[in-house]
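Below: start-v1.txt (compact mmCIF, C-alpha atoms)
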# COMPACT_ATOMS: atom_id res chain seq x y z
CA MET A 2 -6.89 34.43 38.58
CA ARG A 3 -6.67 30.64 38.56
CA LYS A 4 -9.18 29.06 36.26
CA SER A 5 -11.60 26.65 37.93
CA LEU A 6 -11.29 22.91 37.40
CA GLY A 7 -14.74 22.74 35.81
CA TYR A 8 -13.76 25.38 33.26
CA GLU A 9 -10.60 23.45 32.30
CA ILE A 10 -12.44 20.17 31.88
CA LEU A 11 -15.10 21.89 29.79
CA MET A 12 -12.56 23.64 27.54
CA THR A 13 -10.49 20.48 27.02
CA ALA A 14 -13.54 18.48 26.01
CA LEU A 15 -14.89 21.31 23.89
CA VAL A 16 -11.66 21.73 21.89
CA LEU A 17 -11.45 18.00 21.19
CA VAL A 18 -15.11 17.83 20.19
CA VAL A 19 -14.77 20.81 17.86
CA ILE A 20 -11.64 19.35 16.20
CA ALA A 21 -13.32 15.97 15.75
CA GLY A 22 -16.48 17.63 14.42
CA ILE A 23 -14.61 19.66 11.81
CA ALA A 24 -12.58 16.57 10.86
CA GLY A 25 -15.77 14.56 10.45
CA ALA A 26 -17.38 17.23 8.27
CA LEU A 27 -14.28 17.43 6.07
CA LEU A 28 -14.17 13.65 5.63
CA GLY A 29 -17.86 13.55 4.81
CA LEU A 30 -17.33 16.14 2.11
CA VAL A 31 -14.33 14.32 0.61
CA ASN A 32 -16.21 11.03 0.73
CA HIS A 33 -19.08 12.62 -1.18
CA PHE A 34 -16.75 13.22 -4.12
CA THR A 35 -14.63 10.09 -3.93
CA ALA A 36 -17.07 7.34 -2.87
CA VAL A 37 -16.55 4.20 -4.94
CA ASP A 38 -19.63 2.17 -5.76
CA GLU A 39 -18.73 -1.49 -5.13
CA GLU A 40 -21.16 -2.70 -7.82
CA GLU A 41 -19.68 -0.29 -10.33
CA LEU A 42 -16.18 -1.42 -9.37
CA LEU A 43 -17.15 -5.04 -9.94
CA ALA A 44 -18.73 -4.23 -13.29
CA ARG A 45 -15.50 -2.54 -14.36
CA LYS A 46 -13.29 -5.37 -13.18
CA ALA A 47 -15.61 -8.10 -14.48
CA THR A 48 -15.05 -6.98 -18.06
CA ALA A 49 -11.73 -8.83 -17.72
CA VAL A 50 -13.58 -12.17 -17.65
CA TYR A 51 -16.87 -11.45 -19.38
CA ASP A 52 -17.68 -9.14 -22.25
CA GLY A 53 -21.10 -7.73 -21.44
CA ASP A 54 -23.35 -6.40 -18.70
CA LEU A 55 -23.73 -8.43 -15.54
CA MET A 56 -26.29 -8.47 -12.76
CA LYS A 57 -26.37 -10.02 -9.34
CA TYR A 58 -27.50 -13.64 -9.35
CA VAL A 59 -30.38 -14.31 -7.01
CA SER A 60 -31.32 -17.84 -6.12
CA GLU A 61 -33.55 -19.21 -3.41
CA GLU A 62 -30.65 -20.84 -1.65
CA GLY A 63 -28.40 -17.80 -1.89
CA PHE A 64 -24.84 -18.37 -2.92
CA GLU A 65 -23.54 -19.81 0.32
CA VAL A 66 -22.29 -23.34 -0.18
CA PRO A 67 -21.24 -25.71 2.57
CA MET A 68 -17.50 -25.43 2.43
CA ASP A 69 -14.58 -25.50 4.76
CA LYS A 70 -13.77 -21.80 5.19
CA ALA A 71 -10.14 -22.77 5.52
CA GLU A 72 -10.01 -23.36 1.78
CA GLY A 73 -12.13 -20.79 0.08
CA GLU A 74 -15.50 -19.13 -0.18
CA ILE A 75 -17.78 -17.49 -2.69
CA LEU A 76 -18.31 -13.77 -2.18
CA GLY A 77 -20.76 -13.16 -4.99
CA VAL A 78 -22.27 -14.58 -8.14
CA TYR A 79 -23.17 -12.61 -11.25
CA VAL A 80 -25.00 -13.60 -14.44
CA PRO A 81 -25.33 -11.79 -17.79
CA LYS A 82 -28.15 -9.27 -18.10
CA ASN A 83 -29.09 -10.71 -21.49
CA GLY A 84 -30.39 -13.87 -19.78
CA ASP A 85 -27.68 -16.27 -20.93
CA LYS A 86 -28.27 -19.29 -18.66
CA ASP A 87 -24.87 -20.83 -19.33
CA VAL A 88 -22.65 -18.09 -17.94
CA PHE A 89 -21.76 -17.56 -14.27
CA VAL A 90 -19.22 -15.05 -13.07
CA LEU A 91 -18.13 -15.78 -9.51
CA VAL A 92 -16.11 -13.73 -7.08
CA ALA A 93 -14.19 -16.42 -5.25
CA ARG A 94 -11.86 -16.03 -2.29
CA GLY A 95 -8.99 -18.44 -1.77
CA THR A 96 -7.07 -18.72 1.49
CA GLY A 97 -3.41 -19.57 1.95
CA ALA A 98 -2.05 -16.65 -0.06
CA TYR A 99 1.16 -14.92 0.90
CA LYS A 100 -0.82 -12.05 2.39
CA GLY A 101 -3.80 -14.01 3.73
CA THR A 102 -6.41 -14.30 1.03
CA LEU A 103 -6.85 -13.37 -2.60
CA ASP A 104 -10.04 -12.77 -4.56
CA LEU A 105 -10.51 -13.92 -8.14
CA LEU A 106 -13.15 -13.49 -10.82
CA VAL A 107 -13.98 -16.88 -12.31
CA ASN A 108 -16.10 -17.20 -15.43
CA ILE A 109 -17.74 -20.61 -15.73
CA THR A 110 -19.45 -21.00 -19.10
CA GLY A 111 -21.07 -24.20 -20.32
CA GLY A 112 -19.66 -26.28 -17.49
CA LYS A 113 -16.07 -25.18 -17.97
CA VAL A 114 -13.86 -22.55 -16.44
CA VAL A 115 -13.17 -20.31 -19.42
CA LYS A 116 -11.56 -17.22 -17.90
CA ILE A 117 -10.01 -16.18 -14.60
CA ALA A 118 -8.84 -12.74 -13.58
CA LYS A 119 -7.52 -11.11 -10.45
CA TYR A 120 -10.22 -9.29 -8.44
CA GLU A 121 -8.32 -8.26 -5.37
CA ALA A 122 -4.91 -9.68 -4.64
CA ASN A 123 -1.60 -8.28 -3.59
CA GLU A 124 1.10 -10.91 -4.01
CA THR A 125 4.83 -10.21 -4.19
CA PRO A 126 5.62 -8.65 -7.56
CA GLY A 127 7.76 -10.87 -9.76
CA LEU A 128 7.12 -13.91 -7.58
CA GLY A 129 3.61 -14.60 -6.27
CA SER A 130 2.25 -12.30 -8.96
CA LYS A 131 3.19 -14.96 -11.53
CA ALA A 132 0.36 -17.09 -10.14
CA LEU A 133 -2.03 -14.27 -11.08
CA GLU A 134 -1.10 -14.14 -14.75
CA ASP A 135 -3.08 -15.62 -17.59
CA ALA A 136 -0.20 -17.98 -18.43
CA TYR A 137 -0.81 -19.71 -15.09
CA PHE A 138 -4.61 -19.39 -15.13
CA LYS A 139 -4.70 -21.19 -18.51
CA GLN A 140 -4.14 -24.48 -16.69
CA TYR A 141 -7.65 -24.31 -15.24
CA TYR A 142 -9.36 -23.50 -18.52
CA ASP A 143 -11.62 -25.73 -20.62
CA LYS A 144 -11.66 -28.73 -18.30
CA PRO A 145 -15.21 -30.11 -18.05
CA ILE A 146 -16.75 -29.79 -14.59
CA THR A 147 -18.93 -32.83 -14.02
CA GLU A 148 -20.69 -33.75 -10.82
CA ASP A 149 -17.98 -36.16 -9.77
CA PHE A 150 -15.15 -33.75 -10.56
CA ARG A 151 -13.18 -33.52 -7.31
CA GLY A 152 -11.61 -30.14 -7.91
CA PHE A 153 -8.18 -29.16 -9.16
CA ALA A 154 -5.12 -30.59 -7.47
CA LEU A 155 -1.93 -28.60 -7.19
CA VAL A 156 1.28 -30.47 -7.97
CA LYS A 157 4.91 -29.48 -7.96
CA GLY A 158 6.55 -30.15 -11.29
CA ASN A 159 4.64 -31.13 -14.40
CA ALA A 160 0.91 -31.83 -14.32
CA VAL A 161 -0.06 -35.22 -15.73
CA SER A 162 -3.81 -35.64 -15.45
CA PRO A 163 -6.31 -32.98 -16.61
CA ALA A 164 -7.32 -32.19 -13.01
CA GLU A 165 -3.75 -31.43 -12.04
CA VAL A 166 -2.28 -27.95 -12.05
CA SER A 167 1.42 -27.26 -11.97
CA ALA A 168 2.33 -24.77 -9.24
CA VAL A 169 4.46 -21.73 -10.01
CA SER A 170 7.88 -22.59 -8.65
CA GLY A 171 8.80 -20.35 -5.72
CA ALA A 172 5.19 -19.24 -5.32
CA SER A 173 3.48 -22.30 -3.92
CA LYS A 174 1.47 -20.20 -1.45
CA SER A 175 -0.03 -17.98 -4.15
CA SER A 176 -0.64 -21.02 -6.39
CA THR A 177 -2.43 -22.77 -3.52
CA ALA A 178 -4.65 -19.76 -2.88
CA VAL A 179 -5.56 -19.50 -6.57
CA THR A 180 -6.41 -23.24 -6.66
CA ASN A 181 -8.51 -22.85 -3.49
CA ALA A 182 -10.46 -19.98 -5.03
CA VAL A 183 -11.06 -21.81 -8.31
CA ASN A 184 -12.09 -24.97 -6.43
CA ALA A 185 -14.57 -22.93 -4.40
CA ALA A 186 -16.09 -21.70 -7.66
CA VAL A 187 -16.17 -25.24 -9.06
CA LYS A 188 -17.85 -26.56 -5.92
CA TRP A 189 -20.46 -23.82 -6.05
CA TYR A 190 -21.18 -24.67 -9.68
CA GLN A 191 -21.52 -28.37 -8.88
CA LEU A 192 -23.87 -27.81 -5.93
CA ARG A 193 -25.95 -24.90 -7.16
CA VAL A 194 -26.12 -25.50 -10.90
CA LEU A 195 -25.35 -29.12 -11.82
CA ARG A 196 -27.30 -30.70 -8.97
CA ARG A 197 -30.35 -28.54 -9.62
CA VAL A 198 -30.49 -29.36 -13.30
CA GLN A 199 -30.78 -33.08 -12.58
CA MET B 12 13.44 33.97 10.94
CA MET B 13 16.04 34.86 8.31
CA LYS B 14 15.74 33.74 4.73
CA LYS B 15 18.77 31.49 5.06
CA ASP B 16 17.31 29.82 8.13
CA ARG B 17 14.12 29.12 6.21
CA LEU B 18 16.14 27.45 3.45
CA ASN B 19 17.91 25.43 6.14
CA THR B 20 14.55 24.32 7.55
CA LEU B 21 13.57 23.09 4.10
CA THR B 22 16.81 21.28 3.26
CA ASN B 23 17.30 19.95 6.78
CA GLY B 24 14.93 17.03 6.14
CA ILE B 25 16.39 16.18 2.76
CA VAL B 26 20.04 15.63 3.74
CA LYS B 27 21.15 16.50 7.26
CA SER B 28 18.18 15.05 9.16
CA ASN B 29 16.88 12.74 6.47
CA PRO B 30 14.07 10.86 8.26
CA THR B 31 14.92 7.51 6.70
CA PHE B 32 18.71 7.40 6.60
CA ARG B 33 19.73 9.77 9.42
CA LEU B 34 16.84 9.78 11.92
CA VAL B 35 15.75 6.18 11.12
CA LEU B 36 12.06 7.03 11.55
CA GLY B 37 9.15 5.33 9.81
CA THR B 38 11.10 2.18 8.97
CA CYS B 39 8.00 -0.03 8.82
CA PRO B 40 6.56 1.40 5.58
CA THR B 41 10.11 1.99 4.33
CA LEU B 42 10.83 -1.73 4.31
CA ALA B 43 7.34 -2.91 3.45
CA VAL B 44 6.34 -0.90 0.40
CA THR B 45 9.65 -0.42 -1.42
CA THR B 46 9.42 -3.63 -3.44
CA GLN B 47 8.84 -1.39 -6.44
CA ALA B 48 10.08 2.14 -7.07
CA ILE B 49 6.59 3.44 -7.90
CA ASN B 50 5.23 2.19 -4.56
CA GLY B 51 8.01 4.02 -2.71
CA LEU B 52 7.25 7.19 -4.64
CA ALA B 53 3.51 6.95 -3.94
CA MET B 54 4.06 6.26 -0.25
CA GLY B 55 6.44 9.21 -0.05
CA ALA B 56 3.97 11.50 -1.79
CA ALA B 57 1.17 10.43 0.56
CA VAL B 58 3.34 11.02 3.64
CA THR B 59 4.51 14.41 2.29
CA PHE B 60 0.91 15.55 1.84
CA VAL B 61 -0.06 14.43 5.34
CA LEU B 62 3.09 15.96 6.87
CA LEU B 63 2.54 19.30 5.17
CA CYS B 64 -1.16 19.53 6.05
CA SER B 65 -0.84 18.29 9.62
CA ASN B 66 2.18 20.53 10.34
CA VAL B 67 0.31 23.59 9.06
CA MET B 68 -2.87 22.69 10.94
CA ILE B 69 -1.12 21.90 14.21
CA SER B 70 0.97 25.06 13.99
CA LEU B 71 -2.22 27.08 13.45
CA LEU B 72 -3.99 25.43 16.37
CA LYS B 73 -1.06 25.31 18.79
CA ARG B 74 -2.53 28.03 21.00
CA VAL B 75 -6.02 26.55 20.97
CA ILE B 76 -5.17 22.94 21.80
CA PRO B 77 -4.81 22.43 25.58
CA ASN B 78 -1.36 21.08 26.39
CA ARG B 79 -2.67 18.05 28.28
CA VAL B 80 -4.68 16.67 25.37
CA ARG B 81 -2.35 17.68 22.56
CA ILE B 82 -1.49 14.10 21.50
CA PRO B 83 -5.13 13.00 20.94
CA ALA B 84 -5.77 16.27 19.12
CA PHE B 85 -2.70 15.73 16.89
CA VAL B 86 -3.73 12.16 16.14
CA VAL B 87 -7.25 13.24 15.14
CA ILE B 88 -5.81 15.86 12.77
CA ILE B 89 -3.26 13.44 11.28
CA ALA B 90 -5.85 10.66 10.90
CA THR B 91 -8.18 13.06 9.08
CA PHE B 92 -5.59 13.88 6.43
CA VAL B 93 -4.56 10.24 6.09
CA THR B 94 -8.18 9.29 5.47
CA VAL B 95 -8.47 12.02 2.85
CA VAL B 96 -5.40 10.60 1.07
CA GLN B 97 -6.88 7.11 1.33
CA MET B 98 -10.23 8.15 -0.16
CA VAL B 99 -8.64 10.08 -3.02
CA MET B 100 -6.21 7.26 -3.82
CA LYS B 101 -8.94 4.61 -3.77
CA LYS B 102 -10.94 6.61 -6.25
CA PHE B 103 -8.24 7.78 -8.65
CA LEU B 104 -5.27 5.40 -8.21
CA PRO B 105 -6.85 2.02 -7.33
CA SER B 106 -3.81 -0.03 -8.35
CA LEU B 107 -1.47 1.97 -6.11
CA TYR B 108 -4.10 1.83 -3.36
CA ASP B 109 -4.04 -1.97 -3.61
CA ALA B 110 -0.24 -2.09 -3.70
CA LEU B 111 0.22 0.07 -0.59
CA GLY B 112 -2.45 -1.93 1.23
CA VAL B 113 -2.54 -1.59 4.99
CA PHE B 114 0.48 0.74 5.05
CA LEU B 115 -1.61 3.62 3.74
CA PRO B 116 -3.91 3.84 6.80
CA LEU B 117 -0.87 3.10 8.97
CA ILE B 118 0.55 6.53 8.04
CA VAL B 119 -1.54 7.73 11.01
CA VAL B 120 0.97 6.15 13.36
CA ASN B 121 4.03 6.94 11.24
CA CYS B 122 6.47 8.33 13.76
CA ILE B 123 7.88 10.94 11.36
CA ILE B 124 4.55 12.76 11.34
CA LEU B 125 3.86 12.68 15.07
CA ALA B 126 7.51 13.50 15.79
CA ARG B 127 7.43 16.58 13.54
CA ALA B 128 4.09 17.65 15.02
CA GLU B 129 5.38 17.34 18.56
CA ALA B 130 8.95 18.56 18.04
CA PHE B 131 8.52 21.25 15.42
CA ALA B 132 5.00 22.30 14.43
CA SER B 133 3.69 22.71 17.97
CA CYS B 134 6.29 25.36 18.78
CA ASN B 135 7.05 27.09 15.45
CA PRO B 136 5.23 29.54 13.15
CA VAL B 137 3.03 28.31 10.29
CA LEU B 138 5.38 29.01 7.37
CA ASP B 139 8.35 27.32 9.04
CA SER B 140 6.22 24.31 9.95
CA ALA B 141 5.06 24.04 6.35
CA LEU B 142 8.67 24.18 5.10
CA ASP B 143 9.74 21.61 7.67
CA GLY B 144 6.89 19.31 6.59
CA LEU B 145 7.80 19.70 2.93
CA GLY B 146 11.51 19.13 3.57
CA MET B 147 10.95 16.04 5.71
CA GLY B 148 8.41 14.74 3.18
CA PHE B 149 10.81 15.22 0.28
CA GLY B 150 13.57 13.51 2.22
CA PHE B 151 11.29 10.55 2.95
CA THR B 152 10.07 10.37 -0.66
CA LEU B 153 13.59 10.52 -2.09
CA SER B 154 14.83 7.81 0.26
CA LEU B 155 11.88 5.48 -0.38
CA THR B 156 12.09 5.94 -4.14
CA PHE B 157 15.83 5.31 -4.06
CA ILE B 158 15.44 2.12 -2.01
CA GLY B 159 12.60 1.07 -4.33
CA ILE B 160 14.72 1.64 -7.45
CA VAL B 161 17.60 -0.44 -6.07
CA ARG B 162 15.34 -3.29 -4.88
CA GLU B 163 13.32 -3.39 -8.09
CA LEU B 164 16.44 -3.29 -10.25
CA LEU B 165 18.18 -6.11 -8.38
CA GLY B 166 15.09 -8.14 -7.54
CA ALA B 167 12.96 -7.88 -10.68
CA GLY B 168 15.34 -6.40 -13.28
CA SER B 169 13.11 -3.44 -14.05
CA PHE B 170 13.03 0.31 -13.52
CA PHE B 171 9.64 1.81 -12.54
CA GLY B 172 7.98 -1.29 -14.03
CA LEU B 173 9.90 -1.12 -17.32
CA PRO B 174 11.99 -4.25 -17.91
CA ILE B 175 15.64 -3.52 -18.62
CA GLY B 176 17.07 -5.83 -21.28
CA HIS B 177 17.58 -9.37 -20.03
CA LEU B 178 18.20 -8.26 -16.46
CA GLY B 179 14.95 -9.95 -15.43
CA ASN B 180 16.48 -13.37 -16.16
CA VAL B 181 19.33 -12.92 -13.71
CA SER B 182 17.45 -10.99 -11.03
CA MET B 183 17.73 -12.06 -7.40
CA THR B 184 14.27 -12.45 -5.89
CA VAL B 185 15.63 -12.07 -2.35
CA PHE B 186 15.79 -8.30 -2.89
CA ILE B 187 12.00 -8.10 -3.20
CA LEU B 188 11.54 -10.18 -0.07
CA PRO B 189 11.76 -8.65 3.43
CA ALA B 190 15.34 -9.86 4.00
CA GLY B 191 16.49 -8.03 0.88
CA GLY B 192 14.75 -4.92 2.13
CA PHE B 193 16.89 -4.93 5.25
CA LEU B 194 20.04 -5.58 3.20
CA VAL B 195 19.41 -2.68 0.81
CA TYR B 196 18.28 -0.35 3.61
CA GLY B 197 21.38 -1.07 5.70
CA THR B 198 23.79 -0.76 2.81
CA LEU B 199 22.28 2.51 1.60
CA MET B 200 22.28 3.89 5.15
CA ALA B 201 25.97 3.09 5.47
CA LEU B 202 26.64 4.73 2.11
CA VAL B 203 24.70 7.88 2.98
CA ASN B 204 26.42 8.16 6.36
CA PHE B 205 29.82 7.64 4.71
CA LEU B 206 29.17 10.33 2.11
CA THR B 207 27.76 12.88 4.55
CA GLY B 208 30.63 12.14 6.95
CA MET B 209 33.13 12.73 4.16
CA ALA B 210 31.46 16.00 3.19
CA GLU B 211 31.50 17.19 6.80
CA ASN B 212 35.17 16.29 7.17
CA ARG B 213 36.02 18.22 4.06
CA LYS B 214 34.08 21.24 5.29
CA TYR B 215 35.86 21.03 8.64
CA ALA B 216 39.27 20.67 6.99
CA ALA B 217 38.58 23.62 4.73
CA SER B 218 37.52 25.84 7.63
CA SER B 219 40.52 24.88 9.78
CA HIS B 220 42.83 25.46 6.79
CA LYS B 221 41.37 28.91 6.39
CA GLU B 222 41.85 29.61 10.09
CA LYS B 223 45.54 28.64 9.88
CA LYS B 224 45.98 30.83 6.83
CA ASP B 225 44.37 33.74 8.63
CA GLU B 226 46.67 33.15 11.62
CA LYS B 227 49.76 33.18 9.38
CA GLU B 228 48.65 36.35 7.68
CA ALA B 229 48.05 37.95 11.04
CA LYS B 230 51.58 37.03 12.17
CA VAL B 231 53.11 38.49 9.02
Will you turn the file into structure tokens for me?
Amino acid sequence: MRKSLGYEILMTALVLVVIAGIAGALLGLVNHFTAVDEEELLARKATAVYDGDLMKYVSEEGFEVPMDKAEGEILGVYVPKNGDKDVFVLVARGTGAYKGTLDLLVNITGGKVVKIAKYEANETPGLGSKALEDAYFKQYYDKPITEDFRGFALVKGNAVSPAEVSAVSGASKSSTAVTNAVNAAVKWYQLRVLRRVQ
Amino acid sequence: MMKKDRLNTLTNGIVKSNPTFRLVLGTCPTLAVTTQAINGLAMGAAVTFVLLCSNVMISLLKRVIPNRVRIPAFVVIIATFVTVVQMVMKKFLPSLYDALGVFLPLIVVNCIILARAEAFASCNPVLDSALDGLGMGFGFTLSLTFIGIVRELLGAGSFFGLPIGHLGNVSMTVFILPAGGFLVYGTLMALVNFLTGMAENRKYAASSHKEKKDEKEAKV
């Protein structure tokens, strides 16, 4: 006997729904065991730039700063749990990387960038990845951020002035993205910390 | 199916129908993630897991899934296993998860998996489908790891992340870049085809030699 059209439509839909339902249940179960807490992940990664417990920084203005999104943006700001007013750990995103954007952790302590580490970046190993090593990051360290500091400038070849940073040769895109991210952090610090103190 | 046929099903994907070098399937992740040997290995392992699970599942459900909607059903099953791999990797291997990036979720549309589901698992018993999935997965893993080893050695002077002597100082970065990927892939494909061709010729020559000998003996 030929099955009716209604029966076929019903069976087709039913099979697909059952498969999708079982798939959904399975994924829910796996997710229950493998879910990664973003805050916990940050806390683990942030130990690379700050030795101690951090908490989310809450300010009345939030952490959004007027900035051209084409350069960089601040994704989050964290301060030590022990109440140290001098330390800010920023998650900064820089654009212009080889694969779009890269996220860095920037520790600004006492008005200076003291430590930078990779938060989420995936540059070409052996090439762009050189712009994510401490040897390159060192160029941004310990330079006083005053209110009229105009941000770091990337140069090819040797850096002359303190605000200049020498790009990794062959990885100018990654170097640019790192500079953009650090400059975003610097700008946030100038607008949200320095200006408020005065 | 005979025991020997089962063995053939398993080894088929490793040499004779190697998905990367002979069938030229799944070239997108092949070229994209093999900048380092470990990435190739991880990608291969992920694909093997998905292939094995989806082949078994599709073979089990082949009578239940209506023929007209088999592709959406296959894709849902494949996507489920890919997401499982993604979740597990994010939790336990975050650095590899970062390195594989977008190519991990893209396993869903990897043509090796859908091709095996459509061409093999949907018309073969469970055990054979499992063996086919394993064989194809191993073939893919071996190829990706091999390409990764060559590219990493030439491009970064290291082997699975371990620097080899002063090789890093004379490495050619082009091999890590996309162009180098094509160069290595093409050269290795030519090499594999040359070697398998040679082996087939030898087998053919040996069998025809035996035939002649048999003929002579028959005449005598």
Straight-line distance linking atom CA of A:Thr147 with atom CA of A:Val88, stated in Å to one decimal: 15.7 Å
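Using all atoms listed in the file, the smallest distance between any of B:Val75, B:Ala201, B:Val67, B:Val58 and chain A comes from B:Val75.
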Sorted by chain and rising residue number, list the residues of chain A at most 12 Å from chain B (counting only C-alpha atoms), each with its closest atom pair and distance in Å to one decimal, as a tab-separated table.
residue	atom	partner	partner_atom	distance
A:Glu9	CA	B:Pro77	CA	8.9
A:Ile10	CA	B:Pro77	CA	10.1
A:Leu11	CA	B:Pro77	CA	11.1
A:Met12	CA	B:Pro77	CA	8.1
A:Thr13	CA	B:Pro77	CA	6.2
A:Ala14	CA	B:Val80	CA	9.1
A:Leu15	CA	B:Ile76	CA	10.1
A:Val16	CA	B:Ile76	CA	6.6
A:Leu17	CA	B:Ala84	CA	6.3
A:Val18	CA	B:Ala84	CA	9.5
A:Val19	CA	B:Ala84	CA	10.2
A:Ile20	CA	B:Ala84	CA	7.2
A:Ala21	CA	B:Val87	CA	6.7
A:Gly22	CA	B:Val87	CA	10.2
A:Ile23	CA	B:Thr91	CA	9.6
A:Ala24	CA	B:Thr91	CA	5.9
A:Gly25	CA	B:Thr91	CA	7.9
A:Ala26	CA	B:Thr91	CA	10.1
A:Leu27	CA	B:Thr91	CA	8.1
A:Leu28	CA	B:Val95	CA	6.5
A:Gly29	CA	B:Val95	CA	9.7
A:Leu30	CA	B:Val95	CA	9.8
A:Val31	CA	B:Val95	CA	6.7
A:Asn32	CA	B:Met98	CA	6.7
A:His33	CA	B:Met98	CA	10.0
A:Phe34	CA	B:Val99	CA	8.8
A:Thr35	CA	B:Lys102	CA	5.6
A:Ala36	CA	B:Lys102	CA	7.0
A:Val37	CA	B:Lys102	CA	6.2
A:Asp38	CA	B:Lys102	CA	9.8
A:Glu39	CA	B:Lys102	CA	11.3
A:Glu41	CA	B:Lys102	CA	11.9
A:Leu42	CA	B:Lys102	CA	10.1
A:Lys46	CA	B:Pro105	CA	11.4
A:Tyr99	CA	B:Leu188	CA	11.5
A:Lys100	CA	B:Gly112	CA	10.3
A:Leu103	CA	B:Asp109	CA	11.8
A:Lys119	CA	B:Ser106	CA	11.9
A:Tyr120	CA	B:Asp109	CA	10.7
A:Glu121	CA	B:Asp109	CA	7.8
A:Ala122	CA	B:Asp109	CA	7.8
A:Asn123	CA	B:Ala110	CA	6.3
A:Glu124	CA	B:Ala110	CA	8.9
A:Thr125	CA	B:Ile187	CA	7.5
A:Pro126	CA	B:Thr46	CA	7.5
A:Gly127	CA	B:Ala167	CA	6.1
A:Leu128	CA	B:Thr184	CA	7.5
A:Gly129	CA	B:Thr184	CA	10.9
A:Ser130	CA	B:Ala167	CA	11.7
A:Gly171	CA	B:Thr184	CA	9.6
A:Ala172	CA	B:Thr184	CA	11.4
Protein and nucleic acid residues near (-2.8, -28.0, -18.4) (cut-off 8 Å, all atoms listed in the file) as a ChimeraX atom specification: /A:139-142,160,163,165-167
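The nearest approach to B:Asn50 among the residues B:Leu155, B:Leu36, B:Ala132, B:Met68, with all atoms listed in the file taken into account, belongs to B:Leu155.
Coordinates place atom CA of A:Val194 at a distance of 16.3 Å from atom CA of A:Val115.
Between atom CA of B:Gly148 and atom CA of B:Leu199 the interatomic distance comes to 18.6 Å.
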May I have the residues within 12 Å of A:Gly77 as a ChimeraX atom specification, using all atoms listed in the file and disregarding those fewer than 5 positions away in the same chain? /A:39-40,43,47,55-60,63-66,89-94,104-107,120,185-186,189
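Using only C-alpha atoms, the nearest neighbour of A:Glu72 within the list A:Val156, A:Val179, A:Val169, A:Val114 is A:Val179.
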Residues near B:Ala130, cut-off 12 Å, only C-alpha atoms, skip fewer than 6 positions along chain, as a PyMOL selection string: chain B and resi 66+69-70+82+122-124+140+143-144
Please produce a file of those selected residues containing C-alpha atoms, as a tab-separated table (two decimals), in the coordinates of the input.
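Result file selection-v5.tsv:
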chain	number	residue	atom	x	y	z
B	66	ASN	CA	2.18	20.53	10.34
B	69	ILE	CA	-1.12	21.90	14.21
B	70	SER	CA	0.97	25.06	13.99
B	82	ILE	CA	-1.49	14.10	21.50
B	122	CYS	CA	6.47	8.33	13.76
B	123	ILE	CA	7.88	10.94	11.36
B	124	ILE	CA	4.55	12.76	11.34
B	140	SER	CA	6.22	24.31	9.95
B	143	ASP	CA	9.74	21.61	7.67
B	144	GLY	CA	6.89	19.31	6.59
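Among the candidates B:Ser133, B:Ala57, B:Glu226, B:Ile118, the residue lying nearest to B:Leu104 is B:Ala57 (atoms considered: all atoms listed in the file).
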Please rebuild stretch 126-135 of chain B with N, CA and C atoms and return the result as a JSON list (two decimals), in the frame of the given file.
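And here's rebuild_37.json as it stands now:
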[["chain", "number", "residue", "atom", "x", "y", "z"],
["B", 126, "ALA", "N", 6.28, 12.90, 15.28],
["B", 126, "ALA", "CA", 7.51, 13.50, 15.79],
["B", 126, "ALA", "C", 7.63, 14.94, 15.32],
["B", 127, "ARG", "N", 7.32, 15.21, 14.06],
["B", 127, "ARG", "CA", 7.43, 16.58, 13.54],
["B", 127, "ARG", "C", 6.36, 17.47, 14.16],
["B", 128, "ALA", "N", 5.16, 16.87, 14.40],
["B", 128, "ALA", "CA", 4.09, 17.65, 15.02],
["B", 128, "ALA", "C", 4.50, 18.07, 16.42],
["B", 129, "GLU", "N", 5.03, 17.11, 17.16],
["B", 129, "GLU", "CA", 5.38, 17.34, 18.56],
["B", 129, "GLU", "C", 6.64, 18.21, 18.68],
["B", 130, "ALA", "N", 7.66, 17.90, 17.86],
["B", 130, "ALA", "CA", 8.95, 18.56, 18.04],
["B", 130, "ALA", "C", 9.05, 19.88, 17.30],
["B", 131, "PHE", "N", 8.34, 20.03, 16.22],
["B", 131, "PHE", "CA", 8.52, 21.25, 15.42],
["B", 131, "PHE", "C", 7.25, 22.10, 15.31],
["B", 132, "ALA", "N", 6.18, 21.49, 14.76],
["B", 132, "ALA", "CA", 5.00, 22.30, 14.43],
["B", 132, "ALA", "C", 4.34, 22.91, 15.65],
["B", 133, "SER", "N", 4.41, 22.20, 16.80],
["B", 133, "SER", "CA", 3.69, 22.71, 17.97],
["B", 133, "SER", "C", 4.42, 23.87, 18.64],
["B", 134, "CYS", "N", 5.62, 24.22, 18.16],
["B", 134, "CYS", "CA", 6.29, 25.36, 18.78],
["B", 134, "CYS", "C", 6.94, 26.29, 17.75],
["B", 135, "ASN", "N", 6.49, 26.22, 16.48],
["B", 135, "ASN", "CA", 7.05, 27.09, 15.45],
["B", 135, "ASN", "C", 5.94, 27.73, 14.64]]
